Amino acid sequence: VAYDRPPPPGEGAVALVADLAHQELLSVRYTTEALLGPRDVEAGAQAAAERQAAGIIAGANTVGFRLLGAQLQQREGDITLELEYVHEVCRGRLEEAAGGGKQCLGPRDDVLETPIRHHLVSITSGPGGTWTANAFLPEKAWPARRDVYQAVMASFRVAG
């Protein structure tokens with residue numbers, strides 16, 4: 001377990017657990033910003049998931065994104081959105097390729113592989129801020145590790 005250095009006021013990583021050899025990661029972040037609110041409850045899980053997904057896609061060199069599931073719950077003043085998605089990202093420079101596709105280029109214009117990762121995310125917003133747990137691993141490892149990751153994410157709770 002690694003703890004982040006003191007975060008900027010209002011946000012930061014709280015904990016990080018990683019198996020870097022297998023590219024598996026679980027991170028927990030906190031922000032004082034309310035990422036979910038009553039409008040998300042009214043709009044429903046799919047609309048809230050699409051709004052969160054737009055932020056994920058905008059914040060990365062996204063090659064591909066597929067939302068697999070979303071659940072929204074409201075309990076004791078907290079709103080929780082659980083997402084499952086697959087995200088393919090470029091770790092270099094993303095450019096349009098012949099035929100309208102995308103390609104990922106490294107510093108010497110060499111074509112880089114784009115990792116495809118399976119994510120399980122739990123976002124809980126309440127009066128004190130927002131906690132986000134994000135667990136991800138390579139998509140090809142997902143079938144063998146699904147039960148472990150689902151159990152880990154099911155155990156994530158924000159205690160007030």
# chains A, B, ... in the order shown; residues from 1 in each chain; ligands from 1

call {"tool": "residues_around", "arguments": {"residues": "Glu82 (chain A)", "least_positions_apart": "4", "cutoff": "9 Å", "atoms": "only C-alpha atoms", "output": "MDAnalysis selection string"}}
result
chainID A and resid 45 49 69:73 120:124

call {"tool": "residues_around", "arguments": {"residues": "Phe65 (chain A)", "least_positions_apart": "2", "cutoff": "7 Å", "atoms": "only C-alpha atoms", "output": "tab-separated table (two decimals) with N, CA, C and O atoms, in the first residue's frame"}}
result
chain	number	residue	atom	x	y	z
A	67	LEU	N	-19.07	1.37	-22.25
A	67	LEU	CA	-19.74	1.29	-20.95
A	67	LEU	C	-20.49	-0.04	-20.91
A	67	LEU	O	-21.31	-0.34	-21.77
A	86	VAL	N	-14.85	-0.69	-20.31
A	86	VAL	CA	-13.58	-1.06	-20.94
A	86	VAL	C	-13.05	0.20	-21.60
A	86	VAL	O	-13.78	0.91	-22.29
A	87	HIS	N	-11.76	0.49	-21.36
A	87	HIS	CA	-11.15	1.72	-21.84
A	87	HIS	C	-9.82	1.40	-22.51
A	87	HIS	O	-8.96	0.76	-21.93
A	88	GLU	N	-9.67	1.84	-23.75
A	88	GLU	CA	-8.41	1.69	-24.48
A	88	GLU	C	-7.79	3.07	-24.60
A	88	GLU	O	-8.43	4.01	-25.06

call {"tool": "closest_residue", "arguments": {"among": "A:Ile79, A:Pro143, A:Gly106, A:Arg29", "to": "Gly44 (chain A)", "atoms": "only C-alpha atoms"}}
result
A:Ile79

call {"tool": "closest_residue", "arguments": {"among": "A:Leu35, A:Leu94, A:Leu20, A:Val28", "to": "Gly128 (chain A)", "atoms": "only C-alpha atoms"}}
result
A:Leu35

call {"tool": "select_by_dssp", "arguments": {"residues": "chain A", "states": "strand (DSSP E)", "output": "ChimeraX atom specification"}}
result
/A:11-19,24-31,62-75,78-89,93-96,102-105,116-126,129-138

call {"tool": "residues_around", "arguments": {"residues": "Phe136 (chain A)", "least_positions_apart": "6", "cutoff": "7 Å", "atoms": "only C-alpha atoms", "output": "list in words"}}
result
Glu24, Leu25, Leu26, Arg117, His118, His119 and Leu120 of chain A

call {"tool": "write_last_selection", "arguments": {"atoms": "all heavy atoms", "output": "tab-separated table (two decimals), in the first residue's frame"}}
result
chain	number	residue	atom	x	y	z
A	24	GLU	N	-2.23	-4.49	-12.69
A	24	GLU	CA	-3.49	-4.44	-11.96
A	24	GLU	C	-3.38	-3.37	-10.88
A	24	GLU	O	-2.34	-3.24	-10.24
A	24	GLU	CB	-3.80	-5.79	-11.33
A	24	GLU	CG	-3.97	-6.89	-12.37
A	24	GLU	CD	-4.34	-8.23	-11.77
A	24	GLU	OE1	-4.87	-8.28	-10.65
A	24	GLU	OE2	-4.09	-9.24	-12.44
A	25	LEU	N	-4.46	-2.61	-10.69
A	25	LEU	CA	-4.39	-1.47	-9.79
A	25	LEU	C	-5.73	-1.23	-9.11
A	25	LEU	O	-6.78	-1.40	-9.73
A	25	LEU	CB	-4.00	-0.21	-10.57
A	25	LEU	CG	-3.83	1.06	-9.79
A	25	LEU	CD1	-2.39	1.15	-9.28
A	25	LEU	CD2	-4.12	2.25	-10.67
A	26	LEU	N	-5.66	-0.83	-7.85
A	26	LEU	CA	-6.84	-0.34	-7.13
A	26	LEU	C	-6.43	0.99	-6.50
A	26	LEU	O	-5.45	1.06	-5.77
A	26	LEU	CB	-7.28	-1.31	-6.04
A	26	LEU	CG	-8.34	-0.78	-5.06
A	26	LEU	CD1	-9.65	-0.50	-5.78
A	26	LEU	CD2	-8.55	-1.74	-3.93
A	117	ARG	N	-8.09	-1.85	-20.87
A	117	ARG	CA	-8.26	-2.19	-19.46
A	117	ARG	C	-9.74	-2.28	-19.10
A	117	ARG	O	-10.56	-1.51	-19.58
A	117	ARG	CB	-7.58	-1.14	-18.59
A	117	ARG	CG	-6.08	-1.14	-18.80
A	117	ARG	CD	-5.39	-0.31	-17.76
A	117	ARG	NE	-3.96	-0.41	-17.92
A	117	ARG	CZ	-3.19	0.58	-18.30
A	117	ARG	NH1	-3.71	1.77	-18.56
A	117	ARG	NH2	-1.89	0.42	-18.41
A	118	HIS	N	-10.02	-3.22	-18.21
A	118	HIS	CA	-11.37	-3.41	-17.68
A	118	HIS	C	-11.42	-2.67	-16.34
A	118	HIS	O	-10.57	-2.90	-15.48
A	118	HIS	CB	-11.64	-4.91	-17.47
A	118	HIS	CG	-13.08	-5.22	-17.38
A	118	HIS	ND1	-13.76	-5.84	-18.40
A	118	HIS	CD2	-13.98	-5.00	-16.41
A	118	HIS	CE1	-15.02	-6.00	-18.05
A	118	HIS	NE2	-15.18	-5.50	-16.84
A	119	HIS	N	-12.39	-1.80	-16.16
A	119	HIS	CA	-12.52	-0.98	-14.95
A	119	HIS	C	-13.81	-1.30	-14.21
A	119	HIS	O	-14.87	-1.46	-14.82
A	119	HIS	CB	-12.59	0.51	-15.31
A	119	HIS	CG	-11.33	1.08	-15.82
A	119	HIS	ND1	-10.55	1.91	-15.06
A	119	HIS	CD2	-10.70	0.96	-17.02
A	119	HIS	CE1	-9.49	2.29	-15.76
A	119	HIS	NE2	-9.57	1.73	-16.97
A	120	LEU	N	-13.71	-1.35	-12.89
A	120	LEU	CA	-14.86	-1.31	-11.98
A	120	LEU	C	-14.66	-0.07	-11.12
A	120	LEU	O	-13.60	0.11	-10.51
A	120	LEU	CB	-14.92	-2.55	-11.10
A	120	LEU	CG	-15.16	-3.88	-11.79
A	120	LEU	CD1	-15.15	-5.00	-10.76
A	120	LEU	CD2	-16.49	-3.88	-12.53

call {"tool": "closest_residue", "arguments": {"among": "A:Ala133, A:Ala159, A:Ala54, A:Leu68", "to": "Tyr30 (chain A)", "atoms": "only C-alpha atoms"}}
result
A:Ala133

call {"tool": "residues_around", "arguments": {"residues": "Ile57 (chain A)", "least_positions_apart": "2", "cutoff": "12 Å", "atoms": "only C-alpha atoms", "output": "list in words"}}
result
Glu50, Arg51, Gln52, Ala53, Ala54, Gly55, Gly59, Ala60, Asn61, Thr62, Val63, Gly64, Phe65, Arg66, Leu67, Tyr85, Val86, His87, Glu88, Val89 and Cys90 of chain A

call {"tool": "write_last_selection", "arguments": {"atoms": "N, CA, C and O atoms", "output": "PDB file, in the first residue's frame"}}
result
ATOM      1  N   GLU A  50     -23.190   8.194 -18.294  1.00  0.00           N
ATOM      2  CA  GLU A  50     -22.744   8.857 -19.523  1.00  0.00           C
ATOM      3  C   GLU A  50     -22.042  10.180 -19.209  1.00  0.00           C
ATOM      4  O   GLU A  50     -21.051  10.529 -19.855  1.00  0.00           O
ATOM      5  N   ARG A  51     -22.520  10.898 -18.191  1.00  0.00           N
ATOM      6  CA  ARG A  51     -21.874  12.153 -17.804  1.00  0.00           C
ATOM      7  C   ARG A  51     -20.474  11.883 -17.250  1.00  0.00           C
ATOM      8  O   ARG A  51     -19.518  12.562 -17.590  1.00  0.00           O
ATOM      9  N   GLN A  52     -20.335  10.854 -16.417  1.00  0.00           N
ATOM     10  CA  GLN A  52     -19.025  10.491 -15.886  1.00  0.00           C
ATOM     11  C   GLN A  52     -18.105   9.996 -17.006  1.00  0.00           C
ATOM     12  O   GLN A  52     -16.924  10.321 -17.052  1.00  0.00           O
ATOM     13  N   ALA A  53     -18.665   9.200 -17.924  1.00  0.00           N
ATOM     14  CA  ALA A  53     -17.875   8.664 -19.038  1.00  0.00           C
ATOM     15  C   ALA A  53     -17.331   9.784 -19.910  1.00  0.00           C
ATOM     16  O   ALA A  53     -16.191   9.720 -20.383  1.00  0.00           O
ATOM     17  N   ALA A  54     -18.109  10.827 -20.116  1.00  0.00           N
ATOM     18  CA  ALA A  54     -17.645  11.959 -20.929  1.00  0.00           C
ATOM     19  C   ALA A  54     -16.402  12.579 -20.305  1.00  0.00           C
ATOM     20  O   ALA A  54     -15.468  12.954 -21.014  1.00  0.00           O
ATOM     21  N   GLY A  55     -16.361  12.649 -18.984  1.00  0.00           N
ATOM     22  CA  GLY A  55     -15.187  13.176 -18.291  1.00  0.00           C
ATOM     23  C   GLY A  55     -13.984  12.265 -18.422  1.00  0.00           C
ATOM     24  O   GLY A  55     -12.849  12.722 -18.573  1.00  0.00           O
ATOM     25  N   GLY A  59     -10.544  13.272 -20.573  1.00  0.00           N
ATOM     26  CA  GLY A  59      -9.319  13.411 -19.800  1.00  0.00           C
ATOM     27  C   GLY A  59      -8.183  12.509 -20.229  1.00  0.00           C
ATOM     28  O   GLY A  59      -7.147  12.481 -19.594  1.00  0.00           O
ATOM     29  N   ALA A  60      -8.331  11.757 -21.289  1.00  0.00           N
ATOM     30  CA  ALA A  60      -7.290  10.819 -21.698  1.00  0.00           C
ATOM     31  C   ALA A  60      -7.232  10.735 -23.218  1.00  0.00           C
ATOM     32  O   ALA A  60      -8.155  11.163 -23.905  1.00  0.00           O
ATOM     33  N   ASN A  61      -6.152  10.199 -23.707  1.00  0.00           N
ATOM     34  CA  ASN A  61      -6.039   9.929 -25.141  1.00  0.00           C
ATOM     35  C   ASN A  61      -6.811   8.645 -25.437  1.00  0.00           C
ATOM     36  O   ASN A  61      -6.237   7.584 -25.645  1.00  0.00           O
ATOM     37  N   THR A  62      -8.112   8.753 -25.445  1.00  0.00           N
ATOM     38  CA  THR A  62      -8.974   7.590 -25.581  1.00  0.00           C
ATOM     39  C   THR A  62      -9.014   7.093 -27.015  1.00  0.00           C
ATOM     40  O   THR A  62      -9.308   7.835 -27.937  1.00  0.00           O
ATOM     41  N   VAL A  63      -8.712   5.814 -27.182  1.00  0.00           N
ATOM     42  CA  VAL A  63      -8.821   5.143 -28.478  1.00  0.00           C
ATOM     43  C   VAL A  63     -10.185   4.470 -28.564  1.00  0.00           C
ATOM     44  O   VAL A  63     -10.841   4.489 -29.597  1.00  0.00           O
ATOM     45  N   GLY A  64     -10.626   3.878 -27.449  1.00  0.00           N
ATOM     46  CA  GLY A  64     -11.921   3.211 -27.400  1.00  0.00           C
ATOM     47  C   GLY A  64     -12.494   3.233 -26.000  1.00  0.00           C
ATOM     48  O   GLY A  64     -11.755   3.228 -25.016  1.00  0.00           O
ATOM     49  N   PHE A  65     -13.819   3.258 -25.900  1.00  0.00           N
ATOM     50  CA  PHE A  65     -14.505   3.264 -24.609  1.00  0.00           C
ATOM     51  C   PHE A  65     -15.826   2.548 -24.780  1.00  0.00           C
ATOM     52  O   PHE A  65     -16.567   2.814 -25.724  1.00  0.00           O
ATOM     53  N   ARG A  66     -16.113   1.601 -23.862  1.00  0.00           N
ATOM     54  CA  ARG A  66     -17.388   0.876 -23.921  1.00  0.00           C
ATOM     55  C   ARG A  66     -17.931   0.743 -22.500  1.00  0.00           C
ATOM     56  O   ARG A  66     -17.312   0.130 -21.635  1.00  0.00           O
ATOM     57  N   LEU A  67     -19.074   1.375 -22.248  1.00  0.00           N
ATOM     58  CA  LEU A  67     -19.741   1.286 -20.955  1.00  0.00           C
ATOM     59  C   LEU A  67     -20.487  -0.044 -20.905  1.00  0.00           C
ATOM     60  O   LEU A  67     -21.313  -0.339 -21.766  1.00  0.00           O
ATOM     61  N   TYR A  85     -16.668  -0.570 -17.170  1.00  0.00           N
ATOM     62  CA  TYR A  85     -16.387  -0.175 -18.545  1.00  0.00           C
ATOM     63  C   TYR A  85     -15.040  -0.706 -19.007  1.00  0.00           C
ATOM     64  O   TYR A  85     -14.210  -1.123 -18.201  1.00  0.00           O
ATOM     65  N   VAL A  86     -14.847  -0.693 -20.310  1.00  0.00           N
ATOM     66  CA  VAL A  86     -13.579  -1.057 -20.937  1.00  0.00           C
ATOM     67  C   VAL A  86     -13.046   0.201 -21.599  1.00  0.00           C
ATOM     68  O   VAL A  86     -13.777   0.909 -22.294  1.00  0.00           O
ATOM     69  N   HIS A  87     -11.763   0.488 -21.358  1.00  0.00           N
ATOM     70  CA  HIS A  87     -11.153   1.725 -21.840  1.00  0.00           C
ATOM     71  C   HIS A  87      -9.819   1.396 -22.514  1.00  0.00           C
ATOM     72  O   HIS A  87      -8.963   0.758 -21.925  1.00  0.00           O
ATOM     73  N   GLU A  88      -9.671   1.836 -23.750  1.00  0.00           N
ATOM     74  CA  GLU A  88      -8.410   1.686 -24.479  1.00  0.00           C
ATOM     75  C   GLU A  88      -7.789   3.069 -24.599  1.00  0.00           C
ATOM     76  O   GLU A  88      -8.431   4.008 -25.059  1.00  0.00           O
ATOM     77  N   VAL A  89      -6.533   3.184 -24.166  1.00  0.00           N
ATOM     78  CA  VAL A  89      -5.915   4.499 -24.096  1.00  0.00           C
ATOM     79  C   VAL A  89      -4.536   4.491 -24.749  1.00  0.00           C
ATOM     80  O   VAL A  89      -3.838   3.487 -24.747  1.00  0.00           O
ATOM     81  N   CYS A  90      -4.174   5.626 -25.326  1.00  0.00           N
ATOM     82  CA  CYS A  90      -2.870   5.825 -25.954  1.00  0.00           C
ATOM     83  C   CYS A  90      -1.937   6.479 -24.945  1.00  0.00           C
ATOM     84  O   CYS A  90      -2.281   7.504 -24.361  1.00  0.00           O
TER      85      CYS A  90
END

call {"tool": "residues_around", "arguments": {"residues": "Ser125 (chain A)", "least_positions_apart": "2", "cutoff": "7 Å", "atoms": "only C-alpha atoms", "output": "list in words"}}
result
Ala34, Leu35, Leu36, Asp78, Ile79, Thr80, Ile123, Gly129, Thr130 and Trp131 of chain A

call {"tool": "closest_residue", "arguments": {"among": "A:Arg39, A:Arg157, A:Arg93, A:Lys140", "to": "Val111 (chain A)", "atoms": "only C-alpha atoms"}}
result
A:Arg93

call {"tool": "select_by_dssp", "arguments": {"residues": "region 31-121 of chain A", "states": "helix (DSSP H, G or I)", "output": "number ranges by chain"}}
result
A: 38-43, 45-58, 98-100
